[in-house]
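S.K.: The structure is given below, and queries will be raised subsequently.
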Amino acid sequence: MAKPTTRANGASAPRVALVTFGDERDYMWEGYFRGLTEPRHAEARDYLGNLPLDLLAFDEVARSKTEIDRQVAELQAAGAEALFAHTPCWATPNLAVRAIQALDLPTVVMTSTSAATHGMVGMLATAGTLAQIGMDHMRVRDDFGAPVFEEEVLPFFRAAAARARLRGRVMGLFGGRSLGIDTGTFDPMQWRAQFGVDVNHIDQLEIVRRAELVDADRVASMMDWAKRSFASIDFDGKKLTEERLEFQLRCYLANKDINAEQGLDFISVKCMTELSDHYVPQCISAALMPSPFDAEGAKPTCSMSCEADGDGALSMEMLKLVSGGSATLFADVSHMDTDKNILYLPNCGGMCAWFAGRSEEARDNLQRIELRPSVRPGGGATTYFKAAPGPVTLARLYRVAGEYRMAILPGEAVQLSDDDLAAFVRERGKHQLPTAFVRVEADLEQFIEEFGSNHISGVAGLWVRELELLCEMLDVEPVVMDGGF
């Protein structure tokens, strides 16, 4: 018997276990079902192995307690995140349920449309038992290559992987409630129980202390990179000086080091008012931390929300996970054009720099970003750019009477017309900020009635179904704000 083989199609691909179940009766297996089951098992391995998954699969069909227990143990050791329970023909259902219970993973139970195999009988006997014992699962009766795999099965596996990877995550919370914004507060024990996420509370003055200790050569290299890379730096000799910008870069590098040393997977920083008024605002950190690049080269994205908004940071992390590690944005829900159904989403001085050009090359994005003097008393730089066009999924966790919901909005980042942009700039006056203009499908009056925060998060691409399924797995009520909302 062979160990499970892995066909890896990307570092962030969901790790999916394939187990094909069969009839335990030897006389029926040899006399009838073997010839129907084994070719379909090979077809499953071939088809699933060519999807964007890390597939864990065995040569053998599982049709005995011993074989099932062996496969389960090895799949657990291999770190499976979801299960594809394949019943192409009649399969002994209690043995299939044994494996599904033991793995305790988000599970798809699948059979084909063939009339020759008795597969639907095996699938319904298995799935019906799962329902009776309270195990959620997805049922598929279709053939490999059918649209259901793209529309439902792959989103299910991405959601399952996000669920698995969320558990054990650690958020670094630097500071506490900012500007009296209660919507950014949360219960760390509720996070622990519901999401499996730990919170490490760190005083934000630790960023300031560590900033002074950053090696001068690293800072000089980053300053040189910033001067070469950004479209412009508007040094004014008052608010934005080389000294103030250097300290912002030091804060970013210090925060990056703290994250690595303390094992922080994503973060939220209070900033206002202590840092923004008496030191420097953390806008450079907000621009670079969630981006896949900085002066030191390519790096993993690190979701970062401002104003100590924990649920905002967790929303970003969930978007990052369902999308396979993509850069995420954090913004204010600041204004909307109800005639054109466009949300205006600026942030208070820093927004993920990747969205300026949607490029993996740092320079392609930074050449679209201006550094302008901050209006905050501490001075320093704020970033200024308009998010590049493209599909985007907006999302936000919020609570109603203590129960989590997630607003999910499919949309398209757009460029405003010259007249509309000029009017917005004129109305904003000197307080110009990085902004994403996102056309959505939702009824914006209904959005105002339901939406539970002043902040929103986003990721490039359309990931609505993945988020719906992830919410169901995490006992969060999904509120999809599309054209039917």
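Ordering of the structure tokens sets the chain letters (A, B, ...); residue numbers start at 1 within each chain; ligands are numbered from 1 in the order shown.
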For A:Ala85, please output as a list of chain:residue names all residues within 6 Å (counting only C-alpha atoms; exclusion window: fewer than 2 positions along the same chain).
M.R.: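 Listing them by chain and then by number gives A:Val19, A:Leu83, A:Val108, A:Val109.
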S.K.: For stretch 434-447 of chain A, find every residue with an atom within 8 Å (counting only C-alpha atoms), except residues of its own chain fewer than 4 positions away, and show them as a PyMOL selection string.
M.R.: chain A and resi 331+338+340-351+383-388+392+409-416+451+481-485
S.K.: Using atom CA of A:Leu249 and atom CA of A:Thr328 as the two end points, give the distance in Å to one decimal.
M.R.: 20.6 Å
S.K.: I want to know what sits within 9 Å of A:Glu317, based on only C-alpha atoms, with residues of the same chain fewer than 5 positions away left out; could you give that as a VMD selection string?
M.R.: chain A and resid 166 265 to 266 302 to 304 312 322 325 328
S.K.: Report as JSON, numbers by chain all protein, DNA and RNA residues lying within 7 Å of A:Arg15, evaluated on only C-alpha atoms, omitting residues in the same chain fewer than 2 positions from it.
M.R.: {"A": [13, 17, 53, 54, 55, 80, 81, 82]}
S.K.: Output C-alpha atoms for every residue in that selection, as an mmCIF file, in the first residue's frame.
M.R.:
data_model
loop_
_atom_site.group_PDB
_atom_site.id
_atom_site.type_symbol
_atom_site.label_atom_id
_atom_site.label_comp_id
_atom_site.auth_asym_id
_atom_site.auth_seq_id
_atom_site.Cartn_x
_atom_site.Cartn_y
_atom_site.Cartn_z
ATOM 1 C CA ALA A 13 -3.222 25.912 -2.696
ATOM 2 C CA ALA A 17 -7.539 14.682 0.773
ATOM 3 C CA LEU A 53 -5.031 22.114 -5.238
ATOM 4 C CA ASP A 54 -2.380 20.281 -3.272
ATOM 5 C CA LEU A 55 -3.970 16.847 -3.641
ATOM 6 C CA ALA A 80 -5.137 17.754 5.032
ATOM 7 C CA GLU A 81 -7.444 20.786 5.203
ATOM 8 C CA ALA A 82 -10.506 19.395 3.406
#
S.K.: List the neighbours of stretch 175-177 of chain A out to 10 Å using only C-alpha atoms; skip same-chain residues closer than 5 positions along the sequence, and give me the result as an MDAnalysis selection string.
M.R.: chainID A and resid 182:186 201:206 268:272 274 307:310
S.K.: If you keep N, CA and C atoms, can you produce a file of those selected residues as a PDB file, in the first residue's frame?
M.R.:
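The resulting file, again15.pdb, is reproduced below:
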ATOM      1  N   ASP A 182     -15.898  52.447  18.702  1.00  0.00           N
ATOM      2  CA  ASP A 182     -16.284  51.178  19.315  1.00  0.00           C
ATOM      3  C   ASP A 182     -16.374  50.045  18.311  1.00  0.00           C
ATOM      4  N   THR A 183     -16.656  50.369  17.028  1.00  0.00           N
ATOM      5  CA  THR A 183     -16.799  49.298  16.035  1.00  0.00           C
ATOM      6  C   THR A 183     -15.488  48.571  15.788  1.00  0.00           C
ATOM      7  N   GLY A 184     -14.366  49.154  16.231  1.00  0.00           N
ATOM      8  CA  GLY A 184     -13.086  48.483  16.072  1.00  0.00           C
ATOM      9  C   GLY A 184     -12.731  47.571  17.232  1.00  0.00           C
ATOM     10  N   THR A 185     -13.511  47.630  18.321  1.00  0.00           N
ATOM     11  CA  THR A 185     -13.214  46.801  19.484  1.00  0.00           C
ATOM     12  C   THR A 185     -13.788  45.395  19.298  1.00  0.00           C
ATOM     13  N   PHE A 186     -13.286  44.460  20.092  1.00  0.00           N
ATOM     14  CA  PHE A 186     -13.709  43.066  19.944  1.00  0.00           C
ATOM     15  C   PHE A 186     -13.404  42.325  21.229  1.00  0.00           C
ATOM     16  N   HIS A 201      -1.423  41.601  22.809  1.00  0.00           N
ATOM     17  CA  HIS A 201      -1.596  43.042  23.009  1.00  0.00           C
ATOM     18  C   HIS A 201      -0.239  43.649  23.345  1.00  0.00           C
ATOM     19  N   ILE A 202       0.197  44.616  22.533  1.00  0.00           N
ATOM     20  CA  ILE A 202       1.510  45.227  22.659  1.00  0.00           C
ATOM     21  C   ILE A 202       1.330  46.746  22.711  1.00  0.00           C
ATOM     22  N   ASP A 203       2.016  47.397  23.623  1.00  0.00           N
ATOM     23  CA  ASP A 203       1.937  48.852  23.676  1.00  0.00           C
ATOM     24  C   ASP A 203       2.553  49.432  22.408  1.00  0.00           C
ATOM     25  N   GLN A 204       1.878  50.404  21.792  1.00  0.00           N
ATOM     26  CA  GLN A 204       2.401  50.937  20.542  1.00  0.00           C
ATOM     27  C   GLN A 204       3.694  51.735  20.738  1.00  0.00           C
ATOM     28  N   LEU A 205       3.993  52.129  21.964  1.00  0.00           N
ATOM     29  CA  LEU A 205       5.273  52.783  22.210  1.00  0.00           C
ATOM     30  C   LEU A 205       6.448  51.826  22.003  1.00  0.00           C
ATOM     31  N   GLU A 206       6.170  50.510  21.958  1.00  0.00           N
ATOM     32  CA  GLU A 206       7.230  49.564  21.626  1.00  0.00           C
ATOM     33  C   GLU A 206       7.720  49.792  20.200  1.00  0.00           C
ATOM     34  N   SER A 268      -2.876  45.188  13.974  1.00  0.00           N
ATOM     35  CA  SER A 268      -3.670  46.415  13.986  1.00  0.00           C
ATOM     36  C   SER A 268      -2.956  47.410  14.887  1.00  0.00           C
ATOM     37  N   VAL A 269      -2.824  48.641  14.417  1.00  0.00           N
ATOM     38  CA  VAL A 269      -2.078  49.665  15.141  1.00  0.00           C
ATOM     39  C   VAL A 269      -3.001  50.839  15.441  1.00  0.00           C
ATOM     40  N   LYS A 270      -3.017  51.288  16.695  1.00  0.00           N
ATOM     41  CA  LYS A 270      -3.887  52.401  17.092  1.00  0.00           C
ATOM     42  C   LYS A 270      -3.507  53.688  16.358  1.00  0.00           C
ATOM     43  N   CYS A 271      -2.257  54.099  16.454  1.00  0.00           N
ATOM     44  CA  CYS A 271      -1.716  55.288  15.800  1.00  0.00           C
ATOM     45  C   CYS A 271      -2.307  56.574  16.372  1.00  0.00           C
ATOM     46  N   MET A 272      -3.548  56.880  16.041  1.00  0.00           N
ATOM     47  CA  MET A 272      -4.156  58.121  16.527  1.00  0.00           C
ATOM     48  C   MET A 272      -4.716  57.931  17.928  1.00  0.00           C
ATOM     49  N   GLU A 274      -1.804  59.174  19.863  1.00  0.00           N
ATOM     50  CA  GLU A 274      -0.482  59.271  20.477  1.00  0.00           C
ATOM     51  C   GLU A 274       0.638  59.328  19.438  1.00  0.00           C
ATOM     52  N   GLU A 307      -6.169  52.321  13.477  1.00  0.00           N
ATOM     53  CA  GLU A 307      -7.093  52.689  14.549  1.00  0.00           C
ATOM     54  C   GLU A 307      -7.503  51.499  15.409  1.00  0.00           C
ATOM     55  N   ALA A 308      -6.560  50.564  15.581  1.00  0.00           N
ATOM     56  CA  ALA A 308      -6.774  49.390  16.447  1.00  0.00           C
ATOM     57  C   ALA A 308      -8.070  48.664  16.121  1.00  0.00           C
ATOM     58  N   ASP A 309      -8.416  48.597  14.838  1.00  0.00           N
ATOM     59  CA  ASP A 309      -9.664  47.966  14.406  1.00  0.00           C
ATOM     60  C   ASP A 309      -9.434  46.468  14.233  1.00  0.00           C
ATOM     61  N   GLY A 310      -9.714  45.710  15.298  1.00  0.00           N
ATOM     62  CA  GLY A 310      -9.476  44.280  15.274  1.00  0.00           C
ATOM     63  C   GLY A 310     -10.320  43.554  14.249  1.00  0.00           C
TER      64      GLY A 310
END
S.K.: So, counting only C-alpha atoms, which residue among A:Ala146, A:Leu371, A:Ala127, A:Leu474 is closest to A:Leu245?
M.R.: A:Leu371
S.K.: Find the distance between atom CA of A:Gly196 and atom CA of A:Val480 and write it in Å to one decimal.
M.R.: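 So the answer is 24.0 Å.
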S.K.: Using only C-alpha atoms, determine which residues lie at most 12 Å from A:Trp191, disregarding the query and same-chain residues fewer than 3 positions distant; provide the list as an MDAnalysis selection string.
M.R.: chainID A and resid 166:171 185:188 194:199 310:311 314 397 402:404 474:476
S.K.: Which of stretch 325-372 of chain A counts as strand (DSSP E) under DSSP, as an mmCIF file with N, CA and C atoms, in the first residue's frame please?
M.R.:
data_model
loop_
_atom_site.group_PDB
_atom_site.id
_atom_site.type_symbol
_atom_site.label_atom_id
_atom_site.label_comp_id
_atom_site.auth_asym_id
_atom_site.auth_seq_id
_atom_site.Cartn_x
_atom_site.Cartn_y
_atom_site.Cartn_z
ATOM 1 N N THR A 328 -4.253 43.062 0.764
ATOM 2 C CA THR A 328 -5.583 43.503 1.174
ATOM 3 C C THR A 328 -5.556 44.983 1.537
ATOM 4 N N LEU A 329 -6.702 45.632 1.373
ATOM 5 C CA LEU A 329 -6.799 47.052 1.721
ATOM 6 C C LEU A 329 -7.716 47.259 2.911
ATOM 7 N N PHE A 330 -7.549 48.412 3.547
ATOM 8 C CA PHE A 330 -8.357 48.841 4.691
ATOM 9 C C PHE A 330 -8.730 50.286 4.436
ATOM 10 N N ALA A 331 -10.002 50.635 4.638
ATOM 11 C CA ALA A 331 -10.444 51.976 4.271
ATOM 12 C C ALA A 331 -11.647 52.410 5.091
ATOM 13 N N ASP A 332 -11.878 53.730 5.056
ATOM 14 C CA ASP A 332 -13.097 54.308 5.604
ATOM 15 C C ASP A 332 -14.216 54.226 4.581
ATOM 16 N N HIS A 335 -17.923 58.096 1.641
ATOM 17 C CA HIS A 335 -18.866 58.835 0.792
ATOM 18 C C HIS A 335 -19.408 57.856 -0.239
ATOM 19 N N MET A 336 -20.558 58.194 -0.842
ATOM 20 C CA MET A 336 -21.057 57.343 -1.921
ATOM 21 C C MET A 336 -21.851 58.174 -2.915
ATOM 22 N N ASP A 337 -21.750 57.770 -4.153
ATOM 23 C CA ASP A 337 -22.516 58.364 -5.245
ATOM 24 C C ASP A 337 -23.676 57.414 -5.525
ATOM 25 N N ILE A 342 -21.353 54.112 -6.590
ATOM 26 C CA ILE A 342 -19.923 54.068 -6.321
ATOM 27 C C ILE A 342 -19.670 54.437 -4.863
ATOM 28 N N LEU A 343 -18.942 53.561 -4.172
ATOM 29 C CA LEU A 343 -18.476 53.859 -2.820
ATOM 30 C C LEU A 343 -17.123 54.548 -2.904
ATOM 31 N N TYR A 344 -16.945 55.615 -2.129
ATOM 32 C CA TYR A 344 -15.675 56.328 -2.037
ATOM 33 C C TYR A 344 -14.996 55.837 -0.755
ATOM 34 N N LEU A 345 -13.846 55.190 -0.909
ATOM 35 C CA LEU A 345 -13.202 54.513 0.206
ATOM 36 C C LEU A 345 -11.768 55.019 0.390
ATOM 37 N N PRO A 346 -11.588 56.145 1.062
ATOM 38 C CA PRO A 346 -10.234 56.607 1.399
ATOM 39 C C PRO A 346 -9.769 55.987 2.709
ATOM 40 N N GLU A 370 2.189 59.428 -4.460
ATOM 41 C CA GLU A 370 2.865 60.617 -3.960
ATOM 42 C C GLU A 370 2.932 60.545 -2.436
ATOM 43 N N LEU A 371 4.040 61.014 -1.875
ATOM 44 C CA LEU A 371 4.130 61.222 -0.435
ATOM 45 C C LEU A 371 3.926 62.709 -0.170
ATOM 46 N N ARG A 372 2.894 63.012 0.588
ATOM 47 C CA ARG A 372 2.535 64.394 0.869
ATOM 48 C C ARG A 372 2.611 64.655 2.370
#
S.K.: May I have the residues within 6 Å of A:Arg63 as a PDB file with C-alpha atoms, in the first residue's frame, using only C-alpha atoms and disregarding those fewer than 4 positions away in the same chain?
M.R.:
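The resulting file, out-v5.pdb, is reproduced below:
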ATOM      1  CA  PHE A  21     -14.719   4.416  -0.879  1.00  0.00           C
ATOM      2  CA  GLY A  22     -15.816   0.965  -2.034  1.00  0.00           C
ATOM      3  CA  ASP A  23     -17.925  -2.040  -1.118  1.00  0.00           C
ATOM      4  CA  GLU A  24     -16.443  -4.080   1.745  1.00  0.00           C
TER       5      GLU A  24
END
